[in-house]
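Since the structure comes first, as structure tokens, the remarks are kept for the end.
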There are 2 protein chains.
Amino acid sequence: MQTFNITSRQNPVIKSWLELKKNKTSDFFFVEGEHLVKMAHDNGALFTYISVNDANPYGVDHYVIHPSIVEKITDLKNSPGIFGVCKKHVASLDFTKPIVFLDDLRDPGNLGTILRTGLAFDFINVVASPNSVNFYNDKVIMAGQGAHFRLNLVTMEFNQLLQQAKKHGYQIVATSLKKATPLETLTPSEKMVLVIGNEARGVSNEVLEAADQTIKISMSDAIESLNASIAAAIIMHAYYQKRF
Amino acid sequence: MQTFNITSRQNPVIKSWLELKKNKTSDFFFVEGEHLVKMAHDNGALFTYISVNDANPYGVDHYVIHPSIVEKITDLKNSPGIFGVCKKHVASLDFTKPIVFLDDLRDPGNLGTILRTGLAFDFINVVASPNSVNFYNDKVIMAGQGAHFRLNLVTMEFNQLLQQAKKHGYQIVATSLKKATPLETLTPSEKMVLVIGNEARGVSNEVLEAADQTIKISMSDAIESLNASIAAAIIMHAYYQKRF
């Protein structure tokens, strides 16, 4: 454990952090804010602590940065001046637990919220199609509120997931606004792949054809659809409520 | 119904639109995108239609703008070039329907999503404390997906709402992580004020003290809390599921 003082905005370590924020294939990622840094630490993922303040409660290498450096590395209007470099939680799917599949989900706020909600309701496997927004997008990390350190996050095509999931006896459950049975008819099981569709077009036809069940959430006809992260949450909660 | 062609970026009508976007106390508001413009029209709220395209399917005054004007008035990276000036839906609370109270909700995405979900699950009254984000913030309008045209949106202090709601026999139901009964114990009734707290501090003590019931959503202890709009959705859905 070492402490480094960074006073110059030209220090090359700053450039390495900025590159880390852009590089989504690294084994590490960059987080901001006390909550995320603490979550990283609590999950053994905090590699480097960065702050304007001298104190280091985390027992890892600490970079004390001059306040003028904060604006170079922050994404926020009012930055707390606390950052961390974290190790990604690399894990394969746990086939004793339910899976969420994201079928080209595009909005980072939706993805982050689905991760946070997934962890709350025991959907600890999250698989995203390659066209979905990246798990390590800054806004996804923020909205995820630390779920990144616990969940099994995997990117793969639906067909690849389908093969693996079928081998393990999973059922594919997709949401759809038409030709669907009400959520209340869902028999909750750990062996479930819940598919959440793209914000604009919903679940793709390819996936709908492979689905064992399509469900819909009953609602007023005053509005066309629910937000994707809301629909996901209502279904994941229904699962958790019946299982625990 | 008239058609106007706007080719100059200096045309004063553009300035009036930009001012409308900033002025939250006007009787009108500005929307972007075909879905919102169509929702405004379908709800009789579309006052002026603005587009780069000649066609006007809405039968209201139409401003055909030069494409170079779009970037001056858009909030989006890829604007569809479709806008509308809309009348606000001004209405008082409907005391035959449930009410959501937002206790200093700050995030515009959360507020917009709560409006969209509220409309889906018959919570057609939404009351925001004065410290909450404004109903007509651009991001709130986007996330609301047209719910603004149907809901009764009111800004007032909790104490003022409490007096009115009590007079009409309402119960105050707040969410809390401690000293709360599970959501499943909630007896759904139209005469319910559901309180959703601030993203950082939750429901204020003042409101908790006035609550007839505090409820919590059961979840894994791997994460501290749910996003505010997710918690709101799960409770509103539970109400709708039991009532309809």
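Residue numbering restarts at 1 in every chain; chains get A, B, ... in the order shown in the structure tokens, and ligands count up from 1 in that same order.
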- Task: Would you kindly report the residues of chain A within 9 Å of chain B, using only C-alpha atoms, as number ranges by chain?
- Result: A: 109, 113, 116-117, 119-122, 143, 145-147, 150, 184, 217-227, 229-231, 233-234, 237, 240-241, 244
- Message: So that I can see what lies close to Thr185 in chain A, please list as a list in words the residues with an atom at most 10 Å from it, counting only C-alpha atoms and leaving out residues fewer than 4 positions away in the same chain.
- Response: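 Everything that qualifies: Thr181, Gln213, Ile215 and Lys216 of chain A.
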Please dump the current selection as a short mmCIF file (atom, residue, chain, number, x, y, z; two decimals), in the first residue's frame; keep C-alpha atoms.
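Full text of part-v8.cif as output:
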data_model
loop_
_atom_site.label_atom_id
_atom_site.label_comp_id
_atom_site.auth_asym_id
_atom_site.auth_seq_id
_atom_site.Cartn_x
_atom_site.Cartn_y
_atom_site.Cartn_z
CA THR A 181 -50.56 -14.59 -20.95
CA GLN A 213 -43.91 -18.51 -22.63
CA ILE A 215 -46.14 -12.82 -20.62
CA LYS A 216 -47.59 -9.35 -20.29
#
Pull the helix (DSSP H, G or I) assignments for range 14-82 of chain A out of DSSP run on the backbone, and list those residues as a PDB file with N, CA and C atoms, in the first residue's frame.
ATOM      1  N   ILE A  14      -3.020  10.247 -14.888  1.00  0.00           N
ATOM      2  CA  ILE A  14      -4.370  10.782 -15.174  1.00  0.00           C
ATOM      3  C   ILE A  14      -4.826  10.318 -16.554  1.00  0.00           C
ATOM      4  N   LYS A  15      -3.886  10.351 -17.478  1.00  0.00           N
ATOM      5  CA  LYS A  15      -4.216   9.895 -18.831  1.00  0.00           C
ATOM      6  C   LYS A  15      -4.610   8.409 -18.818  1.00  0.00           C
ATOM      7  N   SER A  16      -3.932   7.647 -17.962  1.00  0.00           N
ATOM      8  CA  SER A  16      -4.259   6.213 -17.908  1.00  0.00           C
ATOM      9  C   SER A  16      -5.676   6.003 -17.357  1.00  0.00           C
ATOM     10  N   TRP A  17      -6.100   6.870 -16.428  1.00  0.00           N
ATOM     11  CA  TRP A  17      -7.479   6.747 -15.913  1.00  0.00           C
ATOM     12  C   TRP A  17      -8.486   7.114 -17.009  1.00  0.00           C
ATOM     13  N   LEU A  18      -8.171   8.190 -17.729  1.00  0.00           N
ATOM     14  CA  LEU A  18      -9.093   8.606 -18.801  1.00  0.00           C
ATOM     15  C   LEU A  18      -9.195   7.519 -19.871  1.00  0.00           C
ATOM     16  N   GLU A  19      -8.090   6.866 -20.140  1.00  0.00           N
ATOM     17  CA  GLU A  19      -8.122   5.775 -21.129  1.00  0.00           C
ATOM     18  C   GLU A  19      -8.929   4.593 -20.601  1.00  0.00           C
ATOM     19  N   LEU A  20      -8.782   4.343 -19.302  1.00  0.00           N
ATOM     20  CA  LEU A  20      -9.546   3.248 -18.693  1.00  0.00           C
ATOM     21  C   LEU A  20     -11.044   3.511 -18.800  1.00  0.00           C
ATOM     22  N   LYS A  21     -11.434   4.778 -18.672  1.00  0.00           N
ATOM     23  CA  LYS A  21     -12.861   5.117 -18.766  1.00  0.00           C
ATOM     24  C   LYS A  21     -13.407   4.845 -20.162  1.00  0.00           C
ATOM     25  N   LYS A  22     -12.540   4.929 -21.165  1.00  0.00           N
ATOM     26  CA  LYS A  22     -13.002   4.703 -22.547  1.00  0.00           C
ATOM     27  C   LYS A  22     -12.870   3.239 -22.970  1.00  0.00           C
ATOM     28  N   GLU A  34     -18.399   7.862  -3.278  1.00  0.00           N
ATOM     29  CA  GLU A  34     -18.061   7.092  -2.085  1.00  0.00           C
ATOM     30  C   GLU A  34     -18.778   5.744  -2.045  1.00  0.00           C
ATOM     31  N   HIS A  35     -20.062   5.744  -2.455  1.00  0.00           N
ATOM     32  CA  HIS A  35     -20.849   4.516  -2.374  1.00  0.00           C
ATOM     33  C   HIS A  35     -20.235   3.418  -3.236  1.00  0.00           C
ATOM     34  N   LEU A  36     -19.908   3.752  -4.484  1.00  0.00           N
ATOM     35  CA  LEU A  36     -19.352   2.744  -5.388  1.00  0.00           C
ATOM     36  C   LEU A  36     -17.965   2.295  -4.943  1.00  0.00           C
ATOM     37  N   VAL A  37     -17.157   3.243  -4.453  1.00  0.00           N
ATOM     38  CA  VAL A  37     -15.813   2.882  -3.986  1.00  0.00           C
ATOM     39  C   VAL A  37     -15.914   1.942  -2.779  1.00  0.00           C
ATOM     40  N   LYS A  38     -16.828   2.242  -1.883  1.00  0.00           N
ATOM     41  CA  LYS A  38     -17.014   1.388  -0.704  1.00  0.00           C
ATOM     42  C   LYS A  38     -17.532   0.000  -1.116  1.00  0.00           C
ATOM     43  N   MET A  39     -18.495  -0.029  -2.051  1.00  0.00           N
ATOM     44  CA  MET A  39     -19.004  -1.310  -2.546  1.00  0.00           C
ATOM     45  C   MET A  39     -17.873  -2.122  -3.182  1.00  0.00           C
ATOM     46  N   ALA A  40     -17.010  -1.455  -3.944  1.00  0.00           N
ATOM     47  CA  ALA A  40     -15.868  -2.141  -4.558  1.00  0.00           C
ATOM     48  C   ALA A  40     -14.989  -2.740  -3.470  1.00  0.00           C
ATOM     49  N   HIS A  41     -14.685  -1.931  -2.466  1.00  0.00           N
ATOM     50  CA  HIS A  41     -13.850  -2.407  -1.355  1.00  0.00           C
ATOM     51  C   HIS A  41     -14.497  -3.592  -0.633  1.00  0.00           C
ATOM     52  N   ASP A  42     -15.777  -3.453  -0.333  1.00  0.00           N
ATOM     53  CA  ASP A  42     -16.477  -4.513   0.419  1.00  0.00           C
ATOM     54  C   ASP A  42     -16.516  -5.821  -0.363  1.00  0.00           C
ATOM     55  N   PRO A  67      -7.463  19.272  -6.234  1.00  0.00           N
ATOM     56  CA  PRO A  67      -8.858  19.492  -6.646  1.00  0.00           C
ATOM     57  C   PRO A  67      -9.014  19.884  -8.130  1.00  0.00           C
ATOM     58  N   SER A  68      -8.005  20.531  -8.688  1.00  0.00           N
ATOM     59  CA  SER A  68      -8.117  20.956 -10.095  1.00  0.00           C
ATOM     60  C   SER A  68      -8.133  19.753 -11.049  1.00  0.00           C
ATOM     61  N   ILE A  69      -7.742  18.596 -10.553  1.00  0.00           N
ATOM     62  CA  ILE A  69      -7.710  17.398 -11.406  1.00  0.00           C
ATOM     63  C   ILE A  69      -9.095  16.745 -11.497  1.00  0.00           C
ATOM     64  N   VAL A  70      -9.916  17.024 -10.485  1.00  0.00           N
ATOM     65  CA  VAL A  70     -11.236  16.373 -10.430  1.00  0.00           C
ATOM     66  C   VAL A  70     -12.020  16.592 -11.713  1.00  0.00           C
ATOM     67  N   GLU A  71     -12.042  17.840 -12.179  1.00  0.00           N
ATOM     68  CA  GLU A  71     -12.878  18.138 -13.352  1.00  0.00           C
ATOM     69  C   GLU A  71     -12.397  17.406 -14.614  1.00  0.00           C
ATOM     70  N   LYS A  72     -11.117  17.009 -14.602  1.00  0.00           N
ATOM     71  CA  LYS A  72     -10.617  16.262 -15.760  1.00  0.00           C
ATOM     72  C   LYS A  72     -11.160  14.839 -15.804  1.00  0.00           C
ATOM     73  N   ILE A  73     -11.454  14.271 -14.655  1.00  0.00           N
ATOM     74  CA  ILE A  73     -11.809  12.843 -14.626  1.00  0.00           C
ATOM     75  C   ILE A  73     -13.258  12.574 -14.220  1.00  0.00           C
TER      76      ILE A  73
END
- Message: Excluding Asp138 in chain A and its own-chain neighbours fewer than 2 positions away, which residues fall within 9 Å of it when counting only C-alpha atoms? Please give them as a PyMOL selection string.
- Response: chain A and resi 21+30-31+75+108+135-136+140-143
Would you put the residues from that selection into a file with C-alpha atoms, as a JSON list (two decimals), in the first residue's frame?
[["chain", "number", "residue", "atom", "x", "y", "z"],
["A", 21, "LYS", "CA", -12.86, 5.12, -18.77],
["A", 30, "PHE", "CA", -13.22, 3.28, -13.15],
["A", 31, "VAL", "CA", -15.88, 4.31, -10.64],
["A", 75, "ASP", "CA", -18.63, 12.84, -15.26],
["A", 108, "PRO", "CA", -27.64, 2.99, -20.03],
["A", 135, "PHE", "CA", -22.09, -3.07, -18.97],
["A", 136, "TYR", "CA", -19.19, -0.73, -18.18],
["A", 140, "VAL", "CA", -24.60, 2.02, -16.38],
["A", 141, "ILE", "CA", -22.04, 1.84, -13.56],
["A", 142, "MET", "CA", -23.68, 4.79, -11.77],
["A", 143, "ALA", "CA", -27.21, 3.40, -12.04]]
- Task: Could you pull out the residues in range 74-239 of chain B that DSSP calls strand (DSSP E) from the backbone, as JSON, numbers by chain?
- Result: {"B": [82, 83, 84, 85, 86, 87, 99, 100, 101, 102, 103, 125, 126, 127, 128, 152, 153, 154, 155, 171, 172, 173, 174, 175, 181, 182, 192, 193, 194, 195, 196, 197, 213, 214, 215, 216]}
With C-alpha atoms retained, could you export that selection as a PDB file, in the first residue's frame?
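Saved file out-v1.pdb follows:
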ATOM      1  CA  ILE B  82     -40.332  16.930 -34.973  1.00  0.00           C
ATOM      2  CA  PHE B  83     -41.529  19.215 -32.189  1.00  0.00           C
ATOM      3  CA  GLY B  84     -44.701  20.544 -30.652  1.00  0.00           C
ATOM      4  CA  VAL B  85     -45.927  23.335 -28.448  1.00  0.00           C
ATOM      5  CA  CYS B  86     -48.482  21.806 -26.087  1.00  0.00           C
ATOM      6  CA  LYS B  87     -51.018  23.047 -23.608  1.00  0.00           C
ATOM      7  CA  ILE B  99     -52.272   9.629  -5.264  1.00  0.00           C
ATOM      8  CA  VAL B 100     -48.477   9.434  -5.470  1.00  0.00           C
ATOM      9  CA  PHE B 101     -46.610  11.980  -3.362  1.00  0.00           C
ATOM     10  CA  LEU B 102     -42.990  12.663  -4.308  1.00  0.00           C
ATOM     11  CA  ASP B 103     -41.012  13.746  -1.267  1.00  0.00           C
ATOM     12  CA  ASN B 125     -52.812  11.991  -9.276  1.00  0.00           C
ATOM     13  CA  VAL B 126     -49.151  12.905  -8.821  1.00  0.00           C
ATOM     14  CA  VAL B 127     -48.211  15.491  -6.214  1.00  0.00           C
ATOM     15  CA  ALA B 128     -44.612  16.704  -5.979  1.00  0.00           C
ATOM     16  CA  ASN B 152     -53.268  15.420 -12.610  1.00  0.00           C
ATOM     17  CA  LEU B 153     -49.897  16.986 -11.777  1.00  0.00           C
ATOM     18  CA  VAL B 154     -49.827  19.204  -8.711  1.00  0.00           C
ATOM     19  CA  THR B 155     -46.986  20.785  -6.739  1.00  0.00           C
ATOM     20  CA  GLN B 171     -54.443   6.698   4.228  1.00  0.00           C
ATOM     21  CA  ILE B 172     -50.802   7.737   3.948  1.00  0.00           C
ATOM     22  CA  VAL B 173     -48.553   4.848   2.915  1.00  0.00           C
ATOM     23  CA  ALA B 174     -44.789   5.480   2.954  1.00  0.00           C
ATOM     24  CA  THR B 175     -41.908   3.293   1.888  1.00  0.00           C
ATOM     25  CA  THR B 181     -44.352  -4.165   7.191  1.00  0.00           C
ATOM     26  CA  PRO B 182     -43.951  -6.162   3.967  1.00  0.00           C
ATOM     27  CA  MET B 192     -54.194   5.805  -0.728  1.00  0.00           C
ATOM     28  CA  VAL B 193     -51.420   8.381  -0.823  1.00  0.00           C
ATOM     29  CA  LEU B 194     -48.251   6.481  -1.750  1.00  0.00           C
ATOM     30  CA  VAL B 195     -45.158   8.440  -0.669  1.00  0.00           C
ATOM     31  CA  ILE B 196     -41.905   7.958  -2.587  1.00  0.00           C
ATOM     32  CA  GLY B 197     -38.841   9.438  -0.933  1.00  0.00           C
ATOM     33  CA  GLN B 213     -48.510   2.527   7.287  1.00  0.00           C
ATOM     34  CA  THR B 214     -44.873   2.099   6.287  1.00  0.00           C
ATOM     35  CA  ILE B 215     -44.113  -0.725   3.898  1.00  0.00           C
ATOM     36  CA  LYS B 216     -40.992  -2.316   2.507  1.00  0.00           C
TER      37      LYS B 216
END
- Contact residues around range 6-8 of chain A with only C-alpha atoms at 8 Å, ignoring same-chain residues under 6 positions, as number ranges by chain: A: 63-66, 69
Take the residues just selected and output them with C-alpha atoms as a JSON list (two decimals), in the first residue's frame.
[["chain", "number", "residue", "atom", "x", "y", "z"],
["A", 63, "TYR", "CA", -3.61, 8.69, -5.18],
["A", 64, "VAL", "CA", -4.24, 12.04, -3.49],
["A", 65, "ILE", "CA", -5.17, 14.41, -6.29],
["A", 66, "HIS", "CA", -5.23, 18.18, -6.42],
["A", 69, "ILE", "CA", -7.71, 17.40, -11.41]]
- Item | Between CA of Phe123 in chain B and CA of Tyr239 in chain B - distance in Å to one decimal |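 Atom-to-atom, CA of Tyr239 in chain B and CA of Phe123 in chain B are spaced 9.4 Å apart.
The gap separating CA of Arg243 in chain B from CA of Gln160 in chain B is 27.6 Å, in Å to one decimal.
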- Write out as a PyMOL selection string each polymer residue whose atoms come within 8 Å of Lys88 in chain B, counting only C-alpha atoms; drop sequence neighbours fewer than 6 positions from it. chain B and resi 27-29+45+148-149
Generate the output file for the selected residues, C-alpha atoms, as a PDB file, in the first residue's frame.
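Final file, out_39.pdb:
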ATOM      1  CA  ASP B  27     -49.326  27.378 -19.559  1.00  0.00           C
ATOM      2  CA  PHE B  28     -47.566  25.698 -22.497  1.00  0.00           C
ATOM      3  CA  PHE B  29     -44.605  23.372 -22.851  1.00  0.00           C
ATOM      4  CA  ALA B  45     -53.135  19.323 -26.195  1.00  0.00           C
ATOM      5  CA  HIS B 148     -48.176  14.547 -18.832  1.00  0.00           C
ATOM      6  CA  PHE B 149     -51.257  14.857 -21.047  1.00  0.00           C
TER       7      PHE B 149
END
